[in-house]
file query-v6.pdb (PDB, C-alpha atoms and all ligand atoms)
ATOM      1  CA  MET A 124      -0.356 -16.293   1.953
ATOM      2  CA  ASN A 125       2.723 -18.308   2.786
ATOM      3  CA  GLU A 126       5.508 -15.956   3.793
ATOM      4  CA  SER A 127       8.048 -18.749   4.021
ATOM      5  CA  LYS A 128       8.083 -19.243   0.232
ATOM      6  CA  GLU A 129      11.422 -19.197  -1.548
ATOM      7  CA  ASN A 130      11.600 -15.557  -2.653
ATOM      8  CA  ARG A 131      10.955 -14.189   0.788
ATOM      9  CA  VAL A 132      13.685 -11.805   1.895
ATOM     10  CA  PRO A 133      14.575 -12.360   5.558
ATOM     11  CA  PRO A 134      13.804  -9.243   7.580
ATOM     12  CA  ASP A 135      16.840  -7.246   8.714
ATOM     13  CA  ASP A 136      17.246  -5.233  11.916
ATOM     14  CA  GLN A 137      15.469  -2.222  10.387
ATOM     15  CA  THR A 138      12.408  -4.061   9.118
ATOM     16  CA  VAL A 139       8.963  -4.242  10.685
ATOM     17  CA  GLU A 140       6.430  -6.803   9.439
ATOM     18  CA  MET A 141       2.687  -6.914  10.063
ATOM     19  CA  ASN A 142       0.263  -9.680   9.201
ATOM     20  CA  LEU A 143      -3.310  -8.398   9.272
ATOM     21  CA  PRO A 144      -6.827  -9.783   8.960
ATOM     22  CA  ASN A 145      -8.568  -9.032   5.679
ATOM     23  CA  ARG A 146     -10.951  -6.529   7.235
ATOM     24  CA  GLN A 147     -11.525  -2.845   6.655
ATOM     25  CA  GLY A 148     -10.486  -0.910   9.740
ATOM     26  CA  PHE A 149      -7.164  -2.668  10.261
ATOM     27  CA  GLU A 150      -5.563  -0.027   8.031
ATOM     28  CA  ARG A 151      -5.662   2.106  11.191
ATOM     29  CA  VAL A 152      -3.213  -0.275  12.863
ATOM     30  CA  VAL A 153      -0.833   0.172   9.951
ATOM     31  CA  MET A 154      -1.313   3.959   9.915
ATOM     32  CA  GLY A 155      -0.344   4.119  13.593
ATOM     33  CA  SER A 156       2.695   1.909  13.063
ATOM     34  CA  VAL A 157       4.020   3.717  10.033
ATOM     35  CA  ALA A 158       3.541   7.039  11.830
ATOM     36  CA  ALA A 159       5.487   5.795  14.865
ATOM     37  CA  LEU A 160       8.308   4.401  12.723
ATOM     38  CA  ALA A 161       8.505   7.576  10.627
ATOM     39  CA  LYS A 162       8.540   9.777  13.723
ATOM     40  CA  ASN A 163      11.338   7.689  15.270
ATOM     41  CA  VAL A 164      13.586   8.247  12.287
ATOM     42  CA  GLY A 165      12.919  11.980  12.058
ATOM     43  CA  PHE A 166      10.023  12.552   9.635
ATOM     44  CA  GLY A 167       7.977  15.683  10.304
ATOM     45  CA  ALA A 168       4.231  15.956  10.837
ATOM     46  CA  SER A 169       3.329  16.826   7.270
ATOM     47  CA  GLN A 170       5.222  13.912   5.681
ATOM     48  CA  ILE A 171       3.789  11.578   8.335
ATOM     49  CA  GLU A 172       0.238  12.624   7.429
ATOM     50  CA  ASP A 173       0.973  11.906   3.749
ATOM     51  CA  LEU A 174       2.456   8.517   4.613
ATOM     52  CA  LYS A 175      -0.574   7.558   6.696
ATOM     53  CA  THR A 176      -2.951   8.476   3.886
ATOM     54  CA  ALA A 177      -1.038   6.586   1.194
ATOM     55  CA  VAL A 178      -0.575   3.505   3.352
ATOM     56  CA  ALA A 179      -4.230   3.464   4.394
ATOM     57  CA  GLU A 180      -5.376   3.602   0.761
ATOM     58  CA  ALA A 181      -3.045   0.716  -0.136
ATOM     59  CA  CYS A 182      -4.380  -1.398   2.754
ATOM     60  CA  ILE A 183      -8.011  -0.653   1.905
ATOM     61  CA  ASN A 184      -7.339  -1.683  -1.705
ATOM     62  CA  ALA A 185      -5.570  -4.860  -0.593
ATOM     63  CA  VAL A 186      -8.668  -5.931   1.379
ATOM     64  CA  GLN A 187     -11.235  -4.847  -1.206
ATOM     65  CA  HIS A 188      -9.648  -5.322  -4.635
ATOM     66  CA  GLY A 189      -6.735  -7.697  -3.967
ATOM     67  CA  ASN A 190      -8.311 -10.095  -1.486
ATOM     68  CA  LYS A 191     -11.882  -9.322  -2.648
ATOM     69  CA  ASN A 192     -13.093  -9.011   0.946
ATOM     70  CA  ARG A 193     -12.453 -12.732   1.443
ATOM     71  CA  ALA A 194     -12.554 -13.726   5.111
ATOM     72  CA  GLY A 195      -9.454 -15.726   5.946
ATOM     73  CA  ALA A 196      -7.236 -13.915   3.457
ATOM     74  CA  ARG A 197      -4.422 -11.840   4.940
ATOM     75  CA  VAL A 198      -2.816  -8.499   4.256
ATOM     76  CA  PHE A 199       0.903  -8.417   4.868
ATOM     77  CA  VAL A 200       2.811  -5.182   5.369
ATOM     78  CA  THR A 201       6.533  -4.566   5.629
ATOM     79  CA  MET A 202       8.221  -1.286   6.452
ATOM     80  CA  ASN A 203      11.795  -0.198   6.879
ATOM     81  CA  PHE A 204      13.937   2.891   6.867
ATOM     82  CA  LYS A 205      17.176   2.676   4.937
ATOM     83  CA  ASP A 206      19.508   5.297   3.439
ATOM     84  CA  GLY A 207      17.098   8.134   4.179
ATOM     85  CA  ILE A 208      14.123   6.368   2.593
ATOM     86  CA  LEU A 209      11.070   4.899   4.269
ATOM     87  CA  ASN A 210       9.881   1.877   2.306
ATOM     88  CA  VAL A 211       6.422   0.387   2.796
ATOM     89  CA  SER A 212       5.052  -2.643   0.958
ATOM     90  CA  VAL A 213       1.469  -3.869   1.169
ATOM     91  CA  PHE A 214       0.896  -7.432  -0.035
ATOM     92  CA  ASP A 215      -2.387  -9.137  -0.840
ATOM     93  CA  GLU A 216      -3.311 -12.524  -2.265
ATOM     94  CA  GLY A 217      -4.795 -11.238  -5.489
ATOM     95  CA  GLU A 218      -3.760 -10.992  -9.100
ATOM     96  CA  GLY A 219      -2.843  -7.328  -9.061
ATOM     97  CA  VAL A 220      -4.098  -4.324 -10.967
ATOM     98  CA  LYS A 221      -5.113  -4.741 -14.559
ATOM     99  CA  GLY A 222      -3.054  -2.232 -16.525
ATOM    100  CA  LYS A 223      -1.691   0.881 -14.885
ATOM    101  CA  PRO A 224      -4.087   2.751 -12.594
ATOM    102  CA  LYS A 225      -5.058   6.039 -14.282
ATOM    103  CA  ASP A 226      -5.611   9.436 -12.677
ATOM    104  CA  PRO A 227      -9.320  10.085 -12.173
ATOM    105  CA  ASP A 228     -10.842  12.584 -14.639
ATOM    106  CA  ILE A 229     -12.747  14.908 -12.307
ATOM    107  CA  ALA A 230     -14.762  16.552 -15.093
ATOM    108  CA  ARG A 231     -15.969  13.168 -16.356
ATOM    109  CA  ILE A 232     -16.783  12.015 -12.818
ATOM    110  CA  ILE A 233     -18.862  15.163 -12.186
ATOM    111  CA  GLU A 234     -20.746  14.522 -15.436
ATOM    112  CA  SER A 235     -21.268  10.889 -14.324
ATOM    113  CA  LEU A 236     -19.387   9.736 -17.417
ATOM    114  CA  ASP A 237     -16.820   7.947 -15.245
ATOM    115  CA  PRO A 238     -17.440   6.106 -11.965
ATOM    116  CA  PRO A 239     -16.089   7.936  -8.888
ATOM    117  CA  VAL A 240     -13.115   5.637  -8.452
ATOM    118  CA  GLY A 241      -9.358   5.917  -8.767
ATOM    119  CA  PHE A 242      -8.639   8.358  -5.951
ATOM    120  CA  GLY A 243      -6.747   5.912  -3.722
ATOM    121  CA  THR A 244      -4.021   5.142  -6.246
ATOM    122  CA  PHE A 245      -3.987   8.805  -7.296
ATOM    123  CA  LEU A 246      -3.270   9.857  -3.708
ATOM    124  CA  MET A 247      -0.562   7.217  -3.324
ATOM    125  CA  ARG A 248       1.230   8.465  -6.436
ATOM    126  CA  ARG A 249       0.881  12.103  -5.377
ATOM    127  CA  LEU A 250       1.947  11.679  -1.775
ATOM    128  CA  MET A 251       4.769   9.145  -2.077
ATOM    129  CA  ASP A 252       8.031   9.550  -3.999
ATOM    130  CA  SER A 253       7.509   6.224  -5.736
ATOM    131  CA  VAL A 254       4.711   3.669  -6.072
ATOM    132  CA  GLU A 255       4.942   0.354  -7.897
ATOM    133  CA  PHE A 256       2.282  -2.309  -8.428
ATOM    134  CA  LEU A 257       4.089  -5.635  -8.663
ATOM    135  CA  LYS A 258       2.980  -9.178  -9.201
ATOM    136  CA  VAL A 259       4.851 -11.535  -6.912
ATOM    137  CA  GLY A 260       4.672 -15.126  -8.063
ATOM    138  CA  ASN A 261       1.258 -16.585  -8.859
ATOM    139  CA  GLN A 262      -0.832 -15.521  -5.940
ATOM    140  CA  LYS A 263       0.593 -12.421  -4.474
ATOM    141  CA  HIS A 264       0.521  -8.754  -5.317
ATOM    142  CA  GLU A 265       2.641  -6.002  -3.826
ATOM    143  CA  VAL A 266       2.186  -2.252  -3.712
ATOM    144  CA  ARG A 267       5.705  -0.960  -3.052
ATOM    145  CA  MET A 268       5.955   2.642  -1.918
ATOM    146  CA  ALA A 269       8.797   4.857  -0.789
ATOM    147  CA  MET A 270       9.191   8.301   0.749
ATOM    148  CA  ARG A 271      12.465  10.165   1.180
ATOM    149  CA  LEU A 272      13.088  11.865   4.522
ATOM    150  CA  GLY A 273      12.726  15.619   4.059
ATOM    151  CA  GLY A 274      11.695  15.163   0.417
TER
HETATM  152  N1  LIG B 301      -4.401  -4.366  -4.478
HETATM  153  C1  LIG B 301      -5.077  -4.319  -5.628
HETATM  154  N2  LIG B 301      -5.355  -5.465  -6.307
HETATM  155  C2  LIG B 301      -6.039  -5.447  -7.467
HETATM  156  N3  LIG B 301      -6.511  -4.314  -8.049
HETATM  157  C3  LIG B 301      -6.273  -3.153  -7.428
HETATM  158  C4  LIG B 301      -5.549  -3.074  -6.191
HETATM  159  N4  LIG B 301      -5.455  -1.768  -5.837
HETATM  160  C5  LIG B 301      -6.108  -1.086  -6.775
HETATM  161  N5  LIG B 301      -6.608  -1.898  -7.748
HETATM  162  C6  LIG B 301      -7.351  -1.511  -8.964
HETATM  163  O1  LIG B 301      -7.109  -0.125  -9.214
HETATM  164  C7  LIG B 301      -8.349   0.585  -9.211
HETATM  165  C8  LIG B 301      -8.141   1.970  -8.616
HETATM  166  O2  LIG B 301      -7.928   1.903  -7.206
HETATM  167  P1  LIG B 301      -8.226   3.197  -6.346
HETATM  168  O3  LIG B 301      -7.512   4.338  -7.004
HETATM  169  O4  LIG B 301      -7.881   2.947  -4.930
HETATM  170  O5  LIG B 301      -9.771   3.459  -6.545
HETATM  171  P2  LIG B 301     -11.017   2.646  -5.906
HETATM  172  O6  LIG B 301     -10.489   1.814  -4.780
HETATM  173  O7  LIG B 301     -11.951   3.721  -5.467
HETATM  174  O8  LIG B 301     -11.563   1.805  -7.038
HETATM  175  C9  LIG B 301      -9.316  -0.270  -8.429
HETATM  176  O9  LIG B 301     -10.651  -0.037  -8.806
HETATM  177  C10 LIG B 301      -8.850  -1.671  -8.804
HETATM  178  O10 LIG B 301      -9.379  -2.050 -10.052
HETATM  179 MG    MG B 302      -9.170   2.405  -3.314
END

call {"tool": "encode", "arguments": {"input": "query-v6.pdb", "output": "C-alpha cells"}}
result
Amino acid sequence: MNESKENRVPPDDQTVEMNLPNRQGFERVVMGSVAALAKNVGFGASQIEDLKTAVAEACINAVQHGNKNRAGARVFVTMNFKDGILNVSVFDEGEGVKGKPKDPDIARIIESLDPPVGFGTFLMRRLMDSVEFLKVGNQKHEVRMAMRLGG
C-alpha cells in the first residue's frame, strides 16, 4: 500500500497513524492505542471497551478478508479526535466487501442454515455511531468508523 498516493490527506496535529503487519494479533496494538487516545480526550470506560471491540474486528477483517492473510501486505490505521468525535479508519489492500454486510440471522445459524459469520461487522455497527465500507482507488479499502464522546 503506497500511502504517498495523490488522494492521501496529510495528517494534522490531532491524527495518529499506524502501519501494521498483516498478521492476526496486531489488532491488540491498535486496541491499546485507540484506548489510550480515547482516554486522553475524555471517553469513559464503557465507550472505550466498545471502541476496542469494534476496532479489533475491523483489523481482524482487514488481515483475513481484505488482505487475504497475505504476508507482506499491510494494514494501515488512522485515528483522530475532532469536534467531539473519535474517528478511526482501517485500510487494507483488498477490493472491499461485496454488497452491504448483513446482520447475522441467529435462528438460521443455530439451525446450521447459515454459516456462523457476520458478527464482526454486526458489532461494529452496533457499537459505533457510524460505520462505512469504502473503496479507495483500485487497491485499497477503508472501514471508516466514528464514535461521539458521551454518545
Ligand atoms: N476488510 C474487508 N474486506 C473485504 N471483505 C470484508 C472485509 N470485512 C468484512 N468483509 C466481508 O464481510 C463479511 C462479514 O464480516 P464479519 O461480520 O466480520 O464476519 P466474519 O469475519 O466472521 O466473516 C466477511 O465474511 C467478508 O465477506
Ligand atoms: Mg470478521

call {"tool": "closest_residue", "arguments": {"input": "query-v6.pdb", "among": "A:Glu216, A:Asp173, A:Glu234, A:Glu150", "to": "Met270 of chain A", "atoms": "only C-alpha atoms"}}
result
A:Asp173

call {"tool": "atom_distance", "arguments": {"input": "query-v6.pdb", "atom1": "atom CA of Ala185 of chain A", "atom2": "atom CA of Asp228 of chain A"}}
result
23.0 Å

call {"tool": "atom_distance", "arguments": {"input": "query-v6.pdb", "atom1": "atom C4 of ligand LIG 301 (chain B)", "atom2": "atom CA of Pro239 of chain A"}}
result
15.5 Å

call {"tool": "atom_distance", "arguments": {"input": "query-v6.pdb", "atom1": "atom CA of Val220 of chain A", "atom2": "atom CA of Arg146 of chain A"}}
result
19.6 Å

call {"tool": "closest_atom_pairs", "arguments": {"input": "query-v6.pdb", "of": "chain A", "to": "ligand MG 302 (chain B)", "cutoff": "9 Å", "atoms": "all atoms listed in the file", "output": "CSV"}}
result
residue,atom,partner,partner_atom,distance
A:Glu180,CA,B:MG302,MG,5.7
A:Ala181,CA,B:MG302,MG,7.1
A:Cys182,CA,B:MG302,MG,8.6
A:Ile183,CA,B:MG302,MG,6.2
A:Asn184,CA,B:MG302,MG,4.8
A:Ala185,CA,B:MG302,MG,8.6
A:Gln187,CA,B:MG302,MG,7.8
A:His188,CA,B:MG302,MG,7.9
A:Val240,CA,B:MG302,MG,7.2
A:Gly241,CA,B:MG302,MG,6.5
A:Phe242,CA,B:MG302,MG,6.5
A:Gly243,CA,B:MG302,MG,4.3
A:Thr244,CA,B:MG302,MG,6.5

call {"tool": "residues_near_point", "arguments": {"input": "query-v6.pdb", "point": "(8.8, 8.0, -1.5)", "cutoff": "12 Å", "atoms": "only C-alpha atoms", "output": "PyMOL selection string"}}
result
chain A and resi 170-171+173-174+177-178+204-205+207-212+247-255+267-274

call {"tool": "write_last_selection", "arguments": {"input": "query-v6.pdb", "atoms": "C-alpha atoms", "output": "mmCIF file, in the coordinates of the input"}}
result
data_model
loop_
_atom_site.group_PDB
_atom_site.id
_atom_site.type_symbol
_atom_site.label_atom_id
_atom_site.label_comp_id
_atom_site.auth_asym_id
_atom_site.auth_seq_id
_atom_site.Cartn_x
_atom_site.Cartn_y
_atom_site.Cartn_z
ATOM 1 C CA GLN A 170 5.222 13.912 5.681
ATOM 2 C CA ILE A 171 3.789 11.578 8.335
ATOM 3 C CA ASP A 173 0.973 11.906 3.749
ATOM 4 C CA LEU A 174 2.456 8.517 4.613
ATOM 5 C CA ALA A 177 -1.038 6.586 1.194
ATOM 6 C CA VAL A 178 -0.575 3.505 3.352
ATOM 7 C CA PHE A 204 13.937 2.891 6.867
ATOM 8 C CA LYS A 205 17.176 2.676 4.937
ATOM 9 C CA GLY A 207 17.098 8.134 4.179
ATOM 10 C CA ILE A 208 14.123 6.368 2.593
ATOM 11 C CA LEU A 209 11.070 4.899 4.269
ATOM 12 C CA ASN A 210 9.881 1.877 2.306
ATOM 13 C CA VAL A 211 6.422 0.387 2.796
ATOM 14 C CA SER A 212 5.052 -2.643 0.958
ATOM 15 C CA MET A 247 -0.562 7.217 -3.324
ATOM 16 C CA ARG A 248 1.230 8.465 -6.436
ATOM 17 C CA ARG A 249 0.881 12.103 -5.377
ATOM 18 C CA LEU A 250 1.947 11.679 -1.775
ATOM 19 C CA MET A 251 4.769 9.145 -2.077
ATOM 20 C CA ASP A 252 8.031 9.550 -3.999
ATOM 21 C CA SER A 253 7.509 6.224 -5.736
ATOM 22 C CA VAL A 254 4.711 3.669 -6.072
ATOM 23 C CA GLU A 255 4.942 0.354 -7.897
ATOM 24 C CA ARG A 267 5.705 -0.960 -3.052
ATOM 25 C CA MET A 268 5.955 2.642 -1.918
ATOM 26 C CA ALA A 269 8.797 4.857 -0.789
ATOM 27 C CA MET A 270 9.191 8.301 0.749
ATOM 28 C CA ARG A 271 12.465 10.165 1.180
ATOM 29 C CA LEU A 272 13.088 11.865 4.522
ATOM 30 C CA GLY A 273 12.726 15.619 4.059
ATOM 31 C CA GLY A 274 11.695 15.163 0.417
#

call {"tool": "closest_residue", "arguments": {"input": "query-v6.pdb", "among": "A:Pro144, A:Gly222, A:Gly189, A:Gly165", "to": "ligand LIG 301 (chain B)", "atoms": "only C-alpha atoms and all ligand atoms"}}
result
A:Gly189

call {"tool": "residues_around", "arguments": {"input": "query-v6.pdb", "residues": "His264 of chain A", "least_positions_apart": "5", "cutoff": "6 Å", "atoms": "only C-alpha atoms", "output": "ChimeraX atom specification"}}
result
/A:214-215,217,219,257-259

call {"tool": "closest_residue", "arguments": {"input": "query-v6.pdb", "among": "A:Val198, A:Val152, A:Ala230, A:Val164", "to": "ligand LIG 301 (chain B)", "atoms": "all atoms listed in the file"}}
result
A:Val198

call {"tool": "closest_residue", "arguments": {"input": "query-v6.pdb", "among": "A:Ala179, A:Arg231, A:Val186, A:Glu218", "to": "Ala158 of chain A", "atoms": "all atoms listed in the file"}}
result
A:Ala179

call {"tool": "residues_around", "arguments": {"input": "query-v6.pdb", "residues": "Val200 of chain A", "least_positions_apart": "3", "cutoff": "6 Å", "atoms": "all atoms listed in the file", "output": "PDB file with C-alpha atoms, in the frame of the given file"}}
result
ATOM      1  CA  GLU A 140       6.430  -6.803   9.439  1.00  0.00           C
ATOM      2  CA  MET A 141       2.687  -6.914  10.063  1.00  0.00           C
ATOM      3  CA  SER A 212       5.052  -2.643   0.958  1.00  0.00           C
ATOM      4  CA  VAL A 213       1.469  -3.869   1.169  1.00  0.00           C
TER       5      VAL A 213
END

call {"tool": "build_atoms", "arguments": {"input": "query-v6.pdb", "residues": "segment 232-254 of chain A", "atoms": "N, CA, C and O atoms", "output": "short mmCIF file (atom, residue, chain, number, x, y, z; two decimals), keeping the file's coordinate frame"}}
result
data_model
loop_
_atom_site.label_atom_id
_atom_site.label_comp_id
_atom_site.auth_asym_id
_atom_site.auth_seq_id
_atom_site.Cartn_x
_atom_site.Cartn_y
_atom_site.Cartn_z
N ILE A 232 -16.09 12.56 -14.00
CA ILE A 232 -16.78 12.02 -12.82
C ILE A 232 -17.97 12.91 -12.46
O ILE A 232 -19.08 12.41 -12.18
N ILE A 233 -17.77 14.22 -12.51
CA ILE A 233 -18.86 15.16 -12.19
C ILE A 233 -20.03 14.98 -13.16
O ILE A 233 -21.20 15.02 -12.78
N GLU A 234 -19.70 14.73 -14.42
CA GLU A 234 -20.75 14.52 -15.44
C GLU A 234 -21.32 13.10 -15.40
O GLU A 234 -22.11 12.73 -16.27
N SER A 235 -20.87 12.30 -14.43
CA SER A 235 -21.27 10.89 -14.32
C SER A 235 -20.90 10.07 -15.56
O SER A 235 -21.56 9.07 -15.87
N LEU A 236 -19.86 10.51 -16.26
CA LEU A 236 -19.39 9.74 -17.42
C LEU A 236 -18.40 8.66 -16.97
O LEU A 236 -18.24 7.64 -17.64
N ASP A 237 -17.72 8.93 -15.84
CA ASP A 237 -16.82 7.95 -15.24
C ASP A 237 -17.33 7.63 -13.84
O ASP A 237 -17.90 8.51 -13.18
N PRO A 238 -17.09 6.41 -13.36
CA PRO A 238 -17.44 6.11 -11.96
C PRO A 238 -16.48 6.85 -11.02
O PRO A 238 -15.35 7.14 -11.41
N PRO A 239 -16.94 7.17 -9.82
CA PRO A 239 -16.09 7.94 -8.89
C PRO A 239 -15.05 7.06 -8.21
O PRO A 239 -15.05 6.88 -7.00
N VAL A 240 -14.16 6.50 -9.00
CA VAL A 240 -13.12 5.64 -8.45
C VAL A 240 -11.75 6.14 -8.92
O VAL A 240 -11.66 7.00 -9.79
N GLY A 241 -10.72 5.61 -8.32
CA GLY A 241 -9.36 5.92 -8.77
C GLY A 241 -8.63 6.91 -7.88
O GLY A 241 -7.49 7.27 -8.16
N PHE A 242 -9.27 7.34 -6.80
CA PHE A 242 -8.64 8.36 -5.95
C PHE A 242 -7.56 7.78 -5.03
O PHE A 242 -6.61 8.46 -4.68
N GLY A 243 -7.73 6.52 -4.63
CA GLY A 243 -6.75 5.91 -3.72
C GLY A 243 -5.37 5.83 -4.37
O GLY A 243 -4.36 6.28 -3.79
N THR A 244 -5.31 5.28 -5.56
CA THR A 244 -4.02 5.14 -6.25
C THR A 244 -3.48 6.52 -6.65
O THR A 244 -2.28 6.75 -6.64
N PHE A 245 -4.38 7.42 -6.97
CA PHE A 245 -3.99 8.80 -7.30
C PHE A 245 -3.28 9.44 -6.10
O PHE A 245 -2.19 10.01 -6.23
N LEU A 246 -3.88 9.30 -4.93
CA LEU A 246 -3.27 9.86 -3.71
C LEU A 246 -1.91 9.22 -3.43
O LEU A 246 -0.95 9.91 -3.09
N MET A 247 -1.85 7.91 -3.57
CA MET A 247 -0.56 7.22 -3.32
C MET A 247 0.53 7.79 -4.21
O MET A 247 1.62 8.09 -3.76
N ARG A 248 0.21 7.96 -5.50
CA ARG A 248 1.23 8.46 -6.44
C ARG A 248 1.59 9.91 -6.12
O ARG A 248 2.74 10.32 -6.27
N ARG A 249 0.61 10.70 -5.70
CA ARG A 249 0.88 12.10 -5.38
C ARG A 249 1.68 12.28 -4.10
O ARG A 249 2.51 13.17 -3.98
N LEU A 250 1.38 11.45 -3.10
CA LEU A 250 1.95 11.68 -1.78
C LEU A 250 3.29 10.98 -1.56
O LEU A 250 4.09 11.43 -0.74
N MET A 251 3.52 9.89 -2.27
CA MET A 251 4.77 9.14 -2.08
C MET A 251 5.75 9.52 -3.19
O MET A 251 5.36 10.02 -4.24
N ASP A 252 7.03 9.27 -2.96
CA ASP A 252 8.03 9.55 -4.00
C ASP A 252 8.02 8.47 -5.08
O ASP A 252 8.35 8.74 -6.23
N SER A 253 7.67 7.25 -4.70
CA SER A 253 7.51 6.22 -5.74
C SER A 253 6.45 5.22 -5.31
O SER A 253 6.27 4.96 -4.11
N VAL A 254 5.74 4.69 -6.30
CA VAL A 254 4.71 3.67 -6.07
C VAL A 254 4.80 2.67 -7.21
O VAL A 254 4.78 3.06 -8.38
#
